[in-house]
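What follows is a short report on a single structure.
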Amino acid sequence: MTSIIKVNEIQDGGGNTILKTDGSGNISNNKLLTPAFSAYLSAFQGIANNSYVKVQFNTEVFDTHSAYDNSTNYRFTVPTGGAGKYNVNAQCVLRSNSGNNLQYGYLAIYVNGSAVDTHHKSHEYYYSNNARRSNQVVNTILDLSDSDYLEVYAKIGDGNHNIAGSGVAANDGDASSFFHAYRIGD
């Protein structure tokens with residue numbers, strides 16, 4: 001004996017659509033992994049010695065809710081109705097200028113203008129063996145409210161350096177600096 005339940009839409013007690021199909025087996029849900037965005041740095045960005053600088057990820061790959069500003073503030077703002085847990089990822093390739101050594105590098109996710117918990121920062125020190133390039137990565141899950149905003153800041157010590165943009169040749173190959181986030185649940 002088999003049972004079949006036929007339904008094209010499942011709603012919660014408040015009448016909100018949880019899951020919907022188009023009648024041909026394709027599932028859709030506007031809240032599944034959205035809002036979401038991905039952006040990258042398209043060219044070198046200079047960075048002063050020993051100070052945090054906002055990374056200007058200026059090229060969008062996608063932006064489901066037009067919530068990422070890639071030309072003025074370089075930030076993602078949680079849109080109305082988008083509150084929840086977010087998977088947030090950033091990577092920056094920190095490079096020395098003109099052969100100077102990189103003594104240390106930091107990368108941090110900021111929420112509403114403040115760095116999140118220090119264990120979400122990526123940092124490397126090169127005091128005894130200076131480097132010329134450092135790949136900094138931050139991955140975290142954050143609980144965000146409507147209108148909260150996310151930004152990425154980098155800090156480099158000992159000299160004049162830059163952040164390598166995507167597709168720009170670095171000391172040992174193509175570099176990639178990116179920032180993306182997507183909602184994973186309530």
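Each chain of the structure tokens is named A, B, ... in the order shown, its residues numbered from 1; ligands are numbered from 1 in display order.
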*asked:* With only C-alpha atoms as the counted atoms, please give the residues lying no more than 12 Å from Val137 (chain A), apart from itself and same-chain residues fewer than 2 positions off, as JSON, numbers by chain.
replied: {"A": [88, 89, 90, 91, 92, 93, 94, 105, 106, 107, 108, 109, 120, 121, 122, 123, 124, 134, 135, 139, 140, 152, 153, 154, 176, 177, 178, 179, 180]}
*asked:* Excluding Asp146 (chain A) and its own-chain neighbours fewer than 4 positions away, which residues fall within 7 Å of it when counting only C-alpha atoms? Please give them as a list in words.
replied: Val78, Pro79, Thr80, Gly81, Gly82 and Ala83 of chain A
*Interatomic distance between CA of Asp63 (chain A) and CA of Gly185 (chain A)?*
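Computing the Euclidean distance for CA of Asp63 (chain A) and CA of Gly185 (chain A) yields 17.9 Å.
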_Just want the 6 Å neighbourhood of Phe44 (chain A), counted on only C-alpha atoms, with same-chain residues fewer than 6 positions away dropped. Output as a ChimeraX atom specification._
/A:163-165
Selection export as an mmCIF file, in the first residue's frame, atoms kept: N, CA, C and O atoms:
data_model
loop_
_atom_site.group_PDB
_atom_site.id
_atom_site.type_symbol
_atom_site.label_atom_id
_atom_site.label_comp_id
_atom_site.auth_asym_id
_atom_site.auth_seq_id
_atom_site.Cartn_x
_atom_site.Cartn_y
_atom_site.Cartn_z
ATOM 1 N N ILE A 163 46.589 45.524 -1.054
ATOM 2 C CA ILE A 163 45.735 44.342 -1.108
ATOM 3 C C ILE A 163 45.587 44.002 -2.583
ATOM 4 O O ILE A 163 45.239 44.862 -3.390
ATOM 5 N N ALA A 164 45.866 42.766 -2.931
ATOM 6 C CA ALA A 164 45.824 42.357 -4.336
ATOM 7 C C ALA A 164 44.394 42.099 -4.771
ATOM 8 O O ALA A 164 43.616 41.470 -4.059
ATOM 9 N N GLY A 165 44.057 42.607 -5.935
ATOM 10 C CA GLY A 165 42.739 42.380 -6.509
ATOM 11 C C GLY A 165 42.700 41.109 -7.330
ATOM 12 O O GLY A 165 43.726 40.548 -7.705
#
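With CA of Val61 (chain A) on one side and CA of Tyr149 (chain A) on the other, the separation reads 18.7 Å.
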*Would you list, as a PyMOL selection string, the residues of region 35-163 of chain A that end up in strand (DSSP E) under DSSP run on this structure's backbone?*
chain A and resi 36-40+45-47+53-54+59-63+68-69+75-77+84-96+104-111+114-115+122-125+133-144+149-157+161-163
*Atomic distance CA of Leu102 (chain A) - CA of Thr59 (chain A), expressed in Å with one decimal*: 26.4 Å
